[in-house]
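**Q** One structure follows; several queries about it will come next.
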Amino acid sequence: MGFIDDLTIILDLLILVTVLVFYTGFCVWVEYRRHDLDRANTHLRGGAAMLGILGGAIGLIALWGETTWPISSAIAQYNLFFFDPLFMLALILIGFSLAVWRGFPTHFVGILSAVAGCGIVYYGARGYIIGLTLDPLQTFLLYLAFGAVAIGAYPTTLFIDWFIVGPKNATLAPLPSGERPDYPWMWRLLIGTFLLLVVLAGIAAVAYGFTSAWAHLASPP
């Protein structure tokens with residue numbers, strides 16, 4: 001089978017994920033600060049629904065890649081390098097969407113996201129060390145950025161369960177807590193850092209597109 005080049009659509013989907021995660025997080029945070037939890041929950045559910053759709057699209061591509069190995073035998077290791085992290089990303093996005101819409105605690109998805117994020121960083125580091133792709137540094141930065149976002153998602157899901165959905169349903173909180181955090185500065189730092197990481201991941205995806213995707217378009221398989 002010849003090499004099927006779907007790099008550009010994958011990068012497009014990754015950019016859409018970062019935009020939607022940032023926009024959802026920003027909207028929820030603004031409404032939380034305004035003490036309007038009803039609107040914050042509505043924004044959360046809307047964002048989660050769209051993330052589930054994006055996760056489904058990414059999952060279809062990743063599952064197809066994992067089962068067919070479309071990249072030619074000369075560089076067959078790229079199938080693992082690219083599609084393994086994409087499949088984990090799809091599971092996280094779909095899991096988060098289901099958790100929000102079914103009323104389950106999101107921190108269970110968050111802990112899986114943190115573990116997957118460590119794995120994605122490792123994939124990127126190993127790819128850089130052994131020189132995978134023609135742009136190993138840009139590839140490593142892409143994996144590092146998305147891995148950091150996945151790790152940062154864990155405290156974000158804790159915040160959601162404690163202070164966004166928790167006041168409406170206390171059983172979703174990891175531990176009993178008040179409706180407002182005892183250390184608000186800590187949560188401002190954590191949520192702000194997470195949103196910054198999302199922006200950096202989006203920039204990394206765009207930069208990777210300019211350095212790699214357009215080269216693929218110039219010489220299709």
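In the structure tokens, chains take the letters A, B, ... in the order shown, each chain's residues start at 1, and ligands count up from 1 in the order shown.
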Could you pull the residues within 10 Å of A:Tyr32, counting only C-alpha atoms, minus those fewer than 4 positions along the same chain, as a CSV table (one decimal) with N, CA, C and O atoms, in the first residue's frame?

**A**
```
chain,number,residue,atom,x,y,z
A,26,PHE,N,-12.0,29.7,28.7
A,26,PHE,CA,-12.2,31.1,29.0
A,26,PHE,C,-13.6,31.5,29.4
A,26,PHE,O,-13.8,32.2,30.3
A,27,CYS,N,-14.6,31.0,28.6
A,27,CYS,CA,-16.0,31.3,28.8
A,27,CYS,C,-16.4,30.8,30.2
A,27,CYS,O,-17.1,31.5,31.0
A,28,VAL,N,-16.0,29.5,30.5
A,28,VAL,CA,-16.4,29.0,31.8
A,28,VAL,C,-15.8,29.8,33.0
A,28,VAL,O,-16.5,30.1,34.0
A,36,ASP,N,-22.0,33.1,38.0
A,36,ASP,CA,-23.1,32.6,37.2
A,36,ASP,C,-22.8,31.1,36.8
A,36,ASP,O,-22.4,30.8,35.7
A,37,LEU,N,-23.0,30.2,37.8
A,37,LEU,CA,-22.7,28.8,37.5
A,37,LEU,C,-23.6,28.1,36.5
A,37,LEU,O,-23.2,27.2,35.8
A,38,ASP,N,-24.8,28.6,36.4
A,38,ASP,CA,-25.7,28.0,35.4
A,38,ASP,C,-25.2,28.3,34.0
A,38,ASP,O,-25.1,27.4,33.1
A,39,ARG,N,-24.7,29.5,33.7
A,39,ARG,CA,-24.2,29.8,32.4
A,39,ARG,C,-22.8,29.1,32.2
A,39,ARG,O,-22.5,28.7,31.1
A,40,ALA,N,-22.0,29.0,33.3
A,40,ALA,CA,-20.7,28.4,33.2
A,40,ALA,C,-21.0,26.9,32.8
A,40,ALA,O,-20.2,26.3,32.0
A,41,ASN,N,-22.0,26.2,33.4
A,41,ASN,CA,-22.2,24.8,33.1
A,41,ASN,C,-22.8,24.7,31.7
A,41,ASN,O,-22.4,23.7,31.0
A,163,PHE,N,-15.8,23.1,41.7
A,163,PHE,CA,-16.4,24.5,41.7
A,163,PHE,C,-17.3,24.9,40.6
A,163,PHE,O,-17.9,25.9,40.6
A,164,ILE,N,-17.4,24.0,39.5
A,164,ILE,CA,-18.3,24.3,38.4
A,164,ILE,C,-19.5,23.4,38.5
A,164,ILE,O,-20.7,23.9,38.6
A,180,ARG,N,-16.7,27.7,47.0
A,180,ARG,CA,-15.6,28.5,46.5
A,180,ARG,C,-14.3,28.0,47.1
A,180,ARG,O,-14.2,27.4,48.2
```

**Q** At a cut-off of 9 Å, using only C-alpha atoms, what residues contact A:Tyr123? Leave out same-chain residues fewer than 5 positions from it and give the result as a PyMOL selection string.

**A** chain A and resi 81+85+118+128+140+143

**Q** Pick out the closest residue to A:Ser212 from this set: A:Gly110, A:Leu134, A:Leu190, A:Phe22. Count only C-alpha atoms.

**A** A:Leu134

**Q** List the neighbours of A:Ile15 out to 9 Å using only C-alpha atoms; skip same-chain residues closer than 5 positions along the sequence, and give me the result as a PyMOL selection string.

**A** chain A and resi 10+20+201-203+205-206

**Q** I want to know what sits within 12 Å of A:Ile120, based on only C-alpha atoms, with residues of the same chain fewer than 3 positions away left out; could you give that as a PDB file with all heavy atoms, in the first residue's frame?

**A**
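Wrote it out as result10.pdb, contents follow:
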```pdb
ATOM      1  N   LEU A  80       3.239   4.141  14.385  1.00  0.00           N
ATOM      2  CA  LEU A  80       3.168   4.135  15.843  1.00  0.00           C
ATOM      3  C   LEU A  80       3.376   5.536  16.403  1.00  0.00           C
ATOM      4  O   LEU A  80       2.658   5.981  17.302  1.00  0.00           O
ATOM      5  CB  LEU A  80       4.225   3.190  16.421  1.00  0.00           C
ATOM      6  CG  LEU A  80       4.123   1.712  16.019  1.00  0.00           C
ATOM      7  CD1 LEU A  80       5.324   0.949  16.552  1.00  0.00           C
ATOM      8  CD2 LEU A  80       2.846   1.106  16.544  1.00  0.00           C
ATOM      9  N   PHE A  81       4.362   6.229  15.862  1.00  0.00           N
ATOM     10  CA  PHE A  81       4.746   7.532  16.371  1.00  0.00           C
ATOM     11  C   PHE A  81       3.613   8.556  16.252  1.00  0.00           C
ATOM     12  O   PHE A  81       3.413   9.384  17.147  1.00  0.00           O
ATOM     13  CB  PHE A  81       5.982   8.015  15.606  1.00  0.00           C
ATOM     14  CG  PHE A  81       6.571   9.293  16.132  1.00  0.00           C
ATOM     15  CD1 PHE A  81       7.112   9.350  17.409  1.00  0.00           C
ATOM     16  CD2 PHE A  81       6.594  10.432  15.351  1.00  0.00           C
ATOM     17  CE1 PHE A  81       7.667  10.523  17.893  1.00  0.00           C
ATOM     18  CE2 PHE A  81       7.154  11.607  15.827  1.00  0.00           C
ATOM     19  CZ  PHE A  81       7.688  11.657  17.104  1.00  0.00           C
ATOM     20  N   PHE A  82       2.869   8.493  15.150  1.00  0.00           N
ATOM     21  CA  PHE A  82       1.803   9.458  14.924  1.00  0.00           C
ATOM     22  C   PHE A  82       0.458   9.007  15.492  1.00  0.00           C
ATOM     23  O   PHE A  82      -0.243   9.775  16.149  1.00  0.00           O
ATOM     24  CB  PHE A  82       1.650   9.745  13.427  1.00  0.00           C
ATOM     25  CG  PHE A  82       2.795  10.521  12.838  1.00  0.00           C
ATOM     26  CD1 PHE A  82       3.292  10.189  11.591  1.00  0.00           C
ATOM     27  CD2 PHE A  82       3.368  11.570  13.518  1.00  0.00           C
ATOM     28  CE1 PHE A  82       4.352  10.900  11.043  1.00  0.00           C
ATOM     29  CE2 PHE A  82       4.425  12.289  12.980  1.00  0.00           C
ATOM     30  CZ  PHE A  82       4.924  11.952  11.738  1.00  0.00           C
ATOM     31  N   PHE A  83       0.079   7.763  15.224  1.00  0.00           N
ATOM     32  CA  PHE A  83      -1.291   7.351  15.524  1.00  0.00           C
ATOM     33  C   PHE A  83      -1.514   6.954  16.977  1.00  0.00           C
ATOM     34  O   PHE A  83      -2.646   7.048  17.467  1.00  0.00           O
ATOM     35  CB  PHE A  83      -1.710   6.224  14.577  1.00  0.00           C
ATOM     36  CG  PHE A  83      -1.820   6.657  13.144  1.00  0.00           C
ATOM     37  CD1 PHE A  83      -1.036   6.079  12.163  1.00  0.00           C
ATOM     38  CD2 PHE A  83      -2.695   7.671  12.777  1.00  0.00           C
ATOM     39  CE1 PHE A  83      -1.126   6.494  10.838  1.00  0.00           C
ATOM     40  CE2 PHE A  83      -2.795   8.091  11.462  1.00  0.00           C
ATOM     41  CZ  PHE A  83      -2.009   7.503  10.485  1.00  0.00           C
ATOM     42  N   ASP A  84      -0.482   6.501  17.681  1.00  0.00           N
ATOM     43  CA  ASP A  84      -0.653   6.187  19.110  1.00  0.00           C
ATOM     44  C   ASP A  84      -1.097   7.421  19.904  1.00  0.00           C
ATOM     45  O   ASP A  84      -2.111   7.373  20.620  1.00  0.00           O
ATOM     46  CB  ASP A  84       0.649   5.632  19.695  1.00  0.00           C
ATOM     47  CG  ASP A  84       0.905   4.183  19.301  1.00  0.00           C
ATOM     48  OD1 ASP A  84       0.116   3.631  18.509  1.00  0.00           O
ATOM     49  OD2 ASP A  84       1.902   3.607  19.769  1.00  0.00           O
ATOM     50  N   PRO A  85      -0.374   8.542  19.814  1.00  0.00           N
ATOM     51  CA  PRO A  85      -0.809   9.732  20.569  1.00  0.00           C
ATOM     52  C   PRO A  85      -2.171  10.248  20.119  1.00  0.00           C
ATOM     53  O   PRO A  85      -2.960  10.722  20.944  1.00  0.00           O
ATOM     54  CB  PRO A  85       0.299  10.764  20.284  1.00  0.00           C
ATOM     55  CG  PRO A  85       1.490   9.952  19.900  1.00  0.00           C
ATOM     56  CD  PRO A  85       0.941   8.775  19.172  1.00  0.00           C
ATOM     57  N   LEU A  86      -2.455  10.159  18.815  1.00  0.00           N
ATOM     58  CA  LEU A  86      -3.756  10.630  18.329  1.00  0.00           C
ATOM     59  C   LEU A  86      -4.898   9.806  18.915  1.00  0.00           C
ATOM     60  O   LEU A  86      -5.956  10.348  19.268  1.00  0.00           O
ATOM     61  CB  LEU A  86      -3.807  10.568  16.801  1.00  0.00           C
ATOM     62  CG  LEU A  86      -3.036  11.649  16.044  1.00  0.00           C
ATOM     63  CD1 LEU A  86      -3.076  11.372  14.551  1.00  0.00           C
ATOM     64  CD2 LEU A  86      -3.612  13.030  16.346  1.00  0.00           C
ATOM     65  N   PHE A  87      -4.685   8.495  19.020  1.00  0.00           N
ATOM     66  CA  PHE A  87      -5.741   7.643  19.578  1.00  0.00           C
ATOM     67  C   PHE A  87      -5.963   7.966  21.053  1.00  0.00           C
ATOM     68  O   PHE A  87      -7.105   8.005  21.525  1.00  0.00           O
ATOM     69  CB  PHE A  87      -5.376   6.175  19.393  1.00  0.00           C
ATOM     70  CG  PHE A  87      -6.517   5.238  19.667  1.00  0.00           C
ATOM     71  CD1 PHE A  87      -7.586   5.154  18.793  1.00  0.00           C
ATOM     72  CD2 PHE A  87      -6.539   4.452  20.803  1.00  0.00           C
ATOM     73  CE1 PHE A  87      -8.657   4.298  19.038  1.00  0.00           C
ATOM     74  CE2 PHE A  87      -7.591   3.600  21.066  1.00  0.00           C
ATOM     75  CZ  PHE A  87      -8.658   3.524  20.180  1.00  0.00           C
ATOM     76  N   MET A  88      -4.874   8.204  21.791  1.00  0.00           N
ATOM     77  CA  MET A  88      -5.027   8.577  23.194  1.00  0.00           C
ATOM     78  C   MET A  88      -5.754   9.913  23.326  1.00  0.00           C
ATOM     79  O   MET A  88      -6.614  10.091  24.200  1.00  0.00           O
ATOM     80  CB  MET A  88      -3.651   8.637  23.872  1.00  0.00           C
ATOM     81  CG  MET A  88      -3.030   7.275  24.097  1.00  0.00           C
ATOM     82  SD  MET A  88      -1.536   7.329  25.135  1.00  0.00           S
ATOM     83  CE  MET A  88      -0.363   8.088  24.003  1.00  0.00           C
ATOM     84  N   LEU A  89      -5.416  10.874  22.454  1.00  0.00           N
ATOM     85  CA  LEU A  89      -6.105  12.159  22.467  1.00  0.00           C
ATOM     86  C   LEU A  89      -7.592  11.986  22.212  1.00  0.00           C
ATOM     87  O   LEU A  89      -8.434  12.602  22.884  1.00  0.00           O
ATOM     88  CB  LEU A  89      -5.496  13.093  21.411  1.00  0.00           C
ATOM     89  CG  LEU A  89      -6.220  14.425  21.186  1.00  0.00           C
ATOM     90  CD1 LEU A  89      -6.213  15.273  22.458  1.00  0.00           C
ATOM     91  CD2 LEU A  89      -5.581  15.196  20.029  1.00  0.00           C
ATOM     92  N   SER A 113      -5.723  11.609  31.359  1.00  0.00           N
ATOM     93  CA  SER A 113      -5.099  12.606  30.500  1.00  0.00           C
ATOM     94  C   SER A 113      -3.672  12.907  30.964  1.00  0.00           C
ATOM     95  O   SER A 113      -2.763  13.037  30.139  1.00  0.00           O
ATOM     96  CB  SER A 113      -5.939  13.886  30.501  1.00  0.00           C
ATOM     97  OG  SER A 113      -5.340  14.894  29.722  1.00  0.00           O
ATOM     98  N   ALA A 114      -3.481  13.015  32.275  1.00  0.00           N
ATOM     99  CA  ALA A 114      -2.145  13.300  32.798  1.00  0.00           C
ATOM    100  C   ALA A 114      -1.165  12.180  32.456  1.00  0.00           C
ATOM    101  O   ALA A 114      -0.021  12.427  32.053  1.00  0.00           O
ATOM    102  CB  ALA A 114      -2.209  13.513  34.307  1.00  0.00           C
ATOM    103  N   VAL A 115      -1.606  10.936  32.612  1.00  0.00           N
ATOM    104  CA  VAL A 115      -0.737   9.795  32.288  1.00  0.00           C
ATOM    105  C   VAL A 115      -0.443   9.760  30.788  1.00  0.00           C
ATOM    106  O   VAL A 115       0.705   9.562  30.361  1.00  0.00           O
ATOM    107  CB  VAL A 115      -1.390   8.476  32.751  1.00  0.00           C
ATOM    108  CG1 VAL A 115      -0.545   7.282  32.302  1.00  0.00           C
ATOM    109  CG2 VAL A 115      -1.557   8.469  34.264  1.00  0.00           C
ATOM    110  N   ALA A 116      -1.489   9.971  29.972  1.00  0.00           N
ATOM    111  CA  ALA A 116      -1.289   9.997  28.524  1.00  0.00           C
ATOM    112  C   ALA A 116      -0.358  11.137  28.129  1.00  0.00           C
ATOM    113  O   ALA A 116       0.464  10.989  27.215  1.00  0.00           O
ATOM    114  CB  ALA A 116      -2.634  10.143  27.810  1.00  0.00           C
ATOM    115  N   GLY A 117      -0.482  12.280  28.814  1.00  0.00           N
ATOM    116  CA  GLY A 117       0.392  13.413  28.510  1.00  0.00           C
ATOM    117  C   GLY A 117       1.852  13.082  28.741  1.00  0.00           C
ATOM    118  O   GLY A 117       2.718  13.460  27.942  1.00  0.00           O
ATOM    119  N   TYR A 123       7.066  10.059  23.817  1.00  0.00           N
ATOM    120  CA  TYR A 123       7.103   9.790  22.377  1.00  0.00           C
ATOM    121  C   TYR A 123       7.887  10.888  21.660  1.00  0.00           C
ATOM    122  O   TYR A 123       8.727  10.611  20.798  1.00  0.00           O
ATOM    123  CB  TYR A 123       5.677   9.728  21.805  1.00  0.00           C
ATOM    124  CG  TYR A 123       5.015   8.380  21.829  1.00  0.00           C
ATOM    125  CD1 TYR A 123       4.786   7.711  23.027  1.00  0.00           C
ATOM    126  CD2 TYR A 123       4.590   7.773  20.661  1.00  0.00           C
ATOM    127  CE1 TYR A 123       4.164   6.479  23.055  1.00  0.00           C
ATOM    128  CE2 TYR A 123       3.949   6.540  20.678  1.00  0.00           C
ATOM    129  CZ  TYR A 123       3.742   5.892  21.884  1.00  0.00           C
ATOM    130  OH  TYR A 123       3.117   4.667  21.916  1.00  0.00           O
ATOM    131  N   GLY A 124       7.563  12.135  21.982  1.00  0.00           N
ATOM    132  CA  GLY A 124       8.239  13.245  21.323  1.00  0.00           C
ATOM    133  C   GLY A 124       9.725  13.276  21.611  1.00  0.00           C
ATOM    134  O   GLY A 124      10.531  13.533  20.705  1.00  0.00           O
ATOM    135  N   ALA A 125      10.099  13.008  22.865  1.00  0.00           N
ATOM    136  CA  ALA A 125      11.516  13.020  23.232  1.00  0.00           C
ATOM    137  C   ALA A 125      12.278  11.911  22.518  1.00  0.00           C
ATOM    138  O   ALA A 125      13.375  12.119  21.986  1.00  0.00           O
ATOM    139  CB  ALA A 125      11.664  12.879  24.753  1.00  0.00           C
ATOM    140  N   ARG A 126      11.682  10.715  22.480  1.00  0.00           N
ATOM    141  CA  ARG A 126      12.341   9.607  21.789  1.00  0.00           C
ATOM    142  C   ARG A 126      12.441   9.877  20.289  1.00  0.00           C
ATOM    143  O   ARG A 126      13.449   9.569  19.660  1.00  0.00           O
ATOM    144  CB  ARG A 126      11.577   8.306  22.034  1.00  0.00           C
ATOM    145  CG  ARG A 126      11.722   7.757  23.431  1.00  0.00           C
ATOM    146  CD  ARG A 126      13.148   7.413  23.771  1.00  0.00           C
ATOM    147  NE  ARG A 126      13.701   6.401  22.856  1.00  0.00           N
ATOM    148  CZ  ARG A 126      14.977   6.046  22.816  1.00  0.00           C
ATOM    149  NH1 ARG A 126      15.836   6.635  23.634  1.00  0.00           N
ATOM    150  NH2 ARG A 126      15.383   5.123  21.978  1.00  0.00           N
ATOM    151  N   GLY A 127      11.384  10.465  19.722  1.00  0.00           N
ATOM    152  CA  GLY A 127      11.438  10.805  18.311  1.00  0.00           C
ATOM    153  C   GLY A 127      12.534  11.793  18.008  1.00  0.00           C
ATOM    154  O   GLY A 127      13.205  11.707  16.962  1.00  0.00           O
ATOM    155  N   THR A 139       8.836  18.752  15.686  1.00  0.00           N
ATOM    156  CA  THR A 139       7.969  17.639  16.086  1.00  0.00           C
ATOM    157  C   THR A 139       7.997  17.452  17.596  1.00  0.00           C
ATOM    158  O   THR A 139       6.953  17.253  18.234  1.00  0.00           O
ATOM    159  CB  THR A 139       8.408  16.340  15.397  1.00  0.00           C
ATOM    160  OG1 THR A 139       8.428  16.536  13.985  1.00  0.00           O
ATOM    161  CG2 THR A 139       7.468  15.200  15.731  1.00  0.00           C
ATOM    162  N   PHE A 140       9.199  17.534  18.171  1.00  0.00           N
ATOM    163  CA  PHE A 140       9.319  17.400  19.624  1.00  0.00           C
ATOM    164  C   PHE A 140       8.560  18.510  20.344  1.00  0.00           C
ATOM    165  O   PHE A 140       7.863  18.257  21.338  1.00  0.00           O
ATOM    166  CB  PHE A 140      10.786  17.432  20.034  1.00  0.00           C
ATOM    167  CG  PHE A 140      10.997  17.508  21.524  1.00  0.00           C
ATOM    168  CD1 PHE A 140      10.505  16.517  22.363  1.00  0.00           C
ATOM    169  CD2 PHE A 140      11.677  18.583  22.090  1.00  0.00           C
ATOM    170  CE1 PHE A 140      10.683  16.584  23.735  1.00  0.00           C
ATOM    171  CE2 PHE A 140      11.849  18.667  23.460  1.00  0.00           C
ATOM    172  CZ  PHE A 140      11.358  17.668  24.280  1.00  0.00           C
ATOM    173  N   LEU A 141       8.659  19.748  19.854  1.00  0.00           N
ATOM    174  CA  LEU A 141       7.949  20.857  20.480  1.00  0.00           C
ATOM    175  C   LEU A 141       6.438  20.659  20.395  1.00  0.00           C
ATOM    176  O   LEU A 141       5.702  20.994  21.335  1.00  0.00           O
ATOM    177  CB  LEU A 141       8.351  22.178  19.818  1.00  0.00           C
ATOM    178  CG  LEU A 141       9.801  22.623  20.055  1.00  0.00           C
ATOM    179  CD1 LEU A 141      10.093  23.908  19.285  1.00  0.00           C
ATOM    180  CD2 LEU A 141      10.084  22.816  21.539  1.00  0.00           C
ATOM    181  N   LEU A 142       5.970  20.106  19.273  1.00  0.00           N
ATOM    182  CA  LEU A 142       4.536  19.822  19.132  1.00  0.00           C
ATOM    183  C   LEU A 142       4.092  18.792  20.163  1.00  0.00           C
ATOM    184  O   LEU A 142       3.077  18.983  20.854  1.00  0.00           O
ATOM    185  CB  LEU A 142       4.251  19.326  17.715  1.00  0.00           C
ATOM    186  CG  LEU A 142       2.789  18.968  17.413  1.00  0.00           C
ATOM    187  CD1 LEU A 142       1.929  20.227  17.368  1.00  0.00           C
ATOM    188  CD2 LEU A 142       2.698  18.213  16.079  1.00  0.00           C
ATOM    189  N   TYR A 143       4.837  17.707  20.278  1.00  0.00           N
ATOM    190  CA  TYR A 143       4.487  16.661  21.233  1.00  0.00           C
ATOM    191  C   TYR A 143       4.609  17.183  22.669  1.00  0.00           C
ATOM    192  O   TYR A 143       3.783  16.855  23.531  1.00  0.00           O
ATOM    193  CB  TYR A 143       5.383  15.443  21.038  1.00  0.00           C
ATOM    194  CG  TYR A 143       4.942  14.523  19.934  1.00  0.00           C
ATOM    195  CD1 TYR A 143       4.816  14.980  18.626  1.00  0.00           C
ATOM    196  CD2 TYR A 143       4.654  13.191  20.179  1.00  0.00           C
ATOM    197  CE1 TYR A 143       4.413  14.140  17.605  1.00  0.00           C
ATOM    198  CE2 TYR A 143       4.245  12.339  19.168  1.00  0.00           C
ATOM    199  CZ  TYR A 143       4.123  12.826  17.876  1.00  0.00           C
ATOM    200  OH  TYR A 143       3.714  11.996  16.866  1.00  0.00           O
ATOM    201  N   LEU A 144       5.638  17.973  22.930  1.00  0.00           N
ATOM    202  CA  LEU A 144       5.840  18.521  24.268  1.00  0.00           C
ATOM    203  C   LEU A 144       4.674  19.427  24.659  1.00  0.00           C
ATOM    204  O   LEU A 144       4.161  19.352  25.786  1.00  0.00           O
ATOM    205  CB  LEU A 144       7.155  19.305  24.315  1.00  0.00           C
ATOM    206  CG  LEU A 144       7.481  20.011  25.643  1.00  0.00           C
ATOM    207  CD1 LEU A 144       7.651  18.993  26.762  1.00  0.00           C
ATOM    208  CD2 LEU A 144       8.750  20.849  25.488  1.00  0.00           C
ATOM    209  N   ALA A 145       4.241  20.274  23.730  1.00  0.00           N
ATOM    210  CA  ALA A 145       3.155  21.212  24.026  1.00  0.00           C
ATOM    211  C   ALA A 145       1.850  20.485  24.306  1.00  0.00           C
ATOM    212  O   ALA A 145       1.161  20.783  25.297  1.00  0.00           O
ATOM    213  CB  ALA A 145       2.991  22.192  22.864  1.00  0.00           C
ATOM    214  N   PHE A 146       1.495  19.517  23.458  1.00  0.00           N
ATOM    215  CA  PHE A 146       0.239  18.798  23.672  1.00  0.00           C
ATOM    216  C   PHE A 146       0.323  17.881  24.890  1.00  0.00           C
ATOM    217  O   PHE A 146      -0.675  17.684  25.592  1.00  0.00           O
ATOM    218  CB  PHE A 146      -0.147  18.021  22.413  1.00  0.00           C
ATOM    219  CG  PHE A 146      -0.893  18.839  21.422  1.00  0.00           C
ATOM    220  CD1 PHE A 146      -0.220  19.598  20.476  1.00  0.00           C
ATOM    221  CD2 PHE A 146      -2.281  18.902  21.437  1.00  0.00           C
ATOM    222  CE1 PHE A 146      -0.905  20.385  19.559  1.00  0.00           C
ATOM    223  CE2 PHE A 146      -2.982  19.682  20.536  1.00  0.00           C
ATOM    224  CZ  PHE A 146      -2.290  20.430  19.589  1.00  0.00           C
ATOM    225  N   GLY A 147       1.502  17.336  25.141  1.00  0.00           N
ATOM    226  CA  GLY A 147       1.665  16.533  26.354  1.00  0.00           C
ATOM    227  C   GLY A 147       1.492  17.366  27.608  1.00  0.00           C
ATOM    228  O   GLY A 147       0.861  16.931  28.577  1.00  0.00           O
ATOM    229  N   ALA A 148       2.024  18.598  27.586  1.00  0.00           N
ATOM    230  CA  ALA A 148       1.878  19.496  28.734  1.00  0.00           C
ATOM    231  C   ALA A 148       0.416  19.875  28.951  1.00  0.00           C
ATOM    232  O   ALA A 148      -0.050  19.959  30.089  1.00  0.00           O
ATOM    233  CB  ALA A 148       2.740  20.744  28.531  1.00  0.00           C
ATOM    234  N   VAL A 149      -0.314  20.105  27.863  1.00  0.00           N
ATOM    235  CA  VAL A 149      -1.740  20.407  27.982  1.00  0.00           C
ATOM    236  C   VAL A 149      -2.480  19.230  28.607  1.00  0.00           C
ATOM    237  O   VAL A 149      -3.341  19.406  29.488  1.00  0.00           O
ATOM    238  CB  VAL A 149      -2.344  20.749  26.606  1.00  0.00           C
ATOM    239  CG1 VAL A 149      -3.869  20.803  26.682  1.00  0.00           C
ATOM    240  CG2 VAL A 149      -1.805  22.080  26.105  1.00  0.00           C
ATOM    241  N   ALA A 150      -2.164  18.014  28.164  1.00  0.00           N
ATOM    242  CA  ALA A 150      -2.830  16.830  28.707  1.00  0.00           C
ATOM    243  C   ALA A 150      -2.548  16.672  30.198  1.00  0.00           C
ATOM    244  O   ALA A 150      -3.447  16.319  30.973  1.00  0.00           O
ATOM    245  CB  ALA A 150      -2.376  15.583  27.945  1.00  0.00           C
ATOM    246  N   ILE A 151      -1.325  16.947  30.607  1.00  0.00           N
ATOM    247  CA  ILE A 151      -0.991  16.867  32.033  1.00  0.00           C
ATOM    248  C   ILE A 151      -1.727  17.958  32.811  1.00  0.00           C
ATOM    249  O   ILE A 151      -2.294  17.719  33.888  1.00  0.00           O
ATOM    250  CB  ILE A 151       0.528  16.997  32.229  1.00  0.00           C
ATOM    251  CG1 ILE A 151       1.246  15.779  31.605  1.00  0.00           C
ATOM    252  CG2 ILE A 151       0.879  17.099  33.716  1.00  0.00           C
ATOM    253  CD1 ILE A 151       2.754  15.930  31.534  1.00  0.00           C
TER     254      ILE A 151
END
```

**Q** Distance atom CA of A:Ala153-atom CA of A:Trp64, one decimal place?

**A** 26.5 Å

**Q** Of the residues A:Ala62, A:Leu137, A:Ile94, A:Val121, which is the one nearest to A:Ile9, using only C-alpha atoms?

**A**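 Smallest separation from A:Ile9 among the options: A:Ala62.
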
**Q** If you run DSSP over the backbone, which residues in stretch 74-195 of chain A end up alpha helix (DSSP H)? Put them as a PyMOL selection string.

**A** chain A and resi 77-102+107-129+136-159+184-195

**Q** Just give me the gap between atom CA of A:Val19 and atom CA of A:Arg33 in Å, one decimal is fine.

**A**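 Rounded to one decimal, the two atoms are 21.1 Å apart.
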
**Q** Distance atom CA of A:Gly56-atom CA of A:Ala90, one decimal place?

**A**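 Interatomic distance, atom CA of A:Gly56 to atom CA of A:Ala90: 6.5 Å.
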
**Q** For A:Phe104, which residue among A:Ile75, A:Leu172, A:Ile129, A:Leu91 is the nearest when counting only C-alpha atoms?

**A**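 Ranked by minimum distance to A:Phe104, first place goes to A:Leu172.
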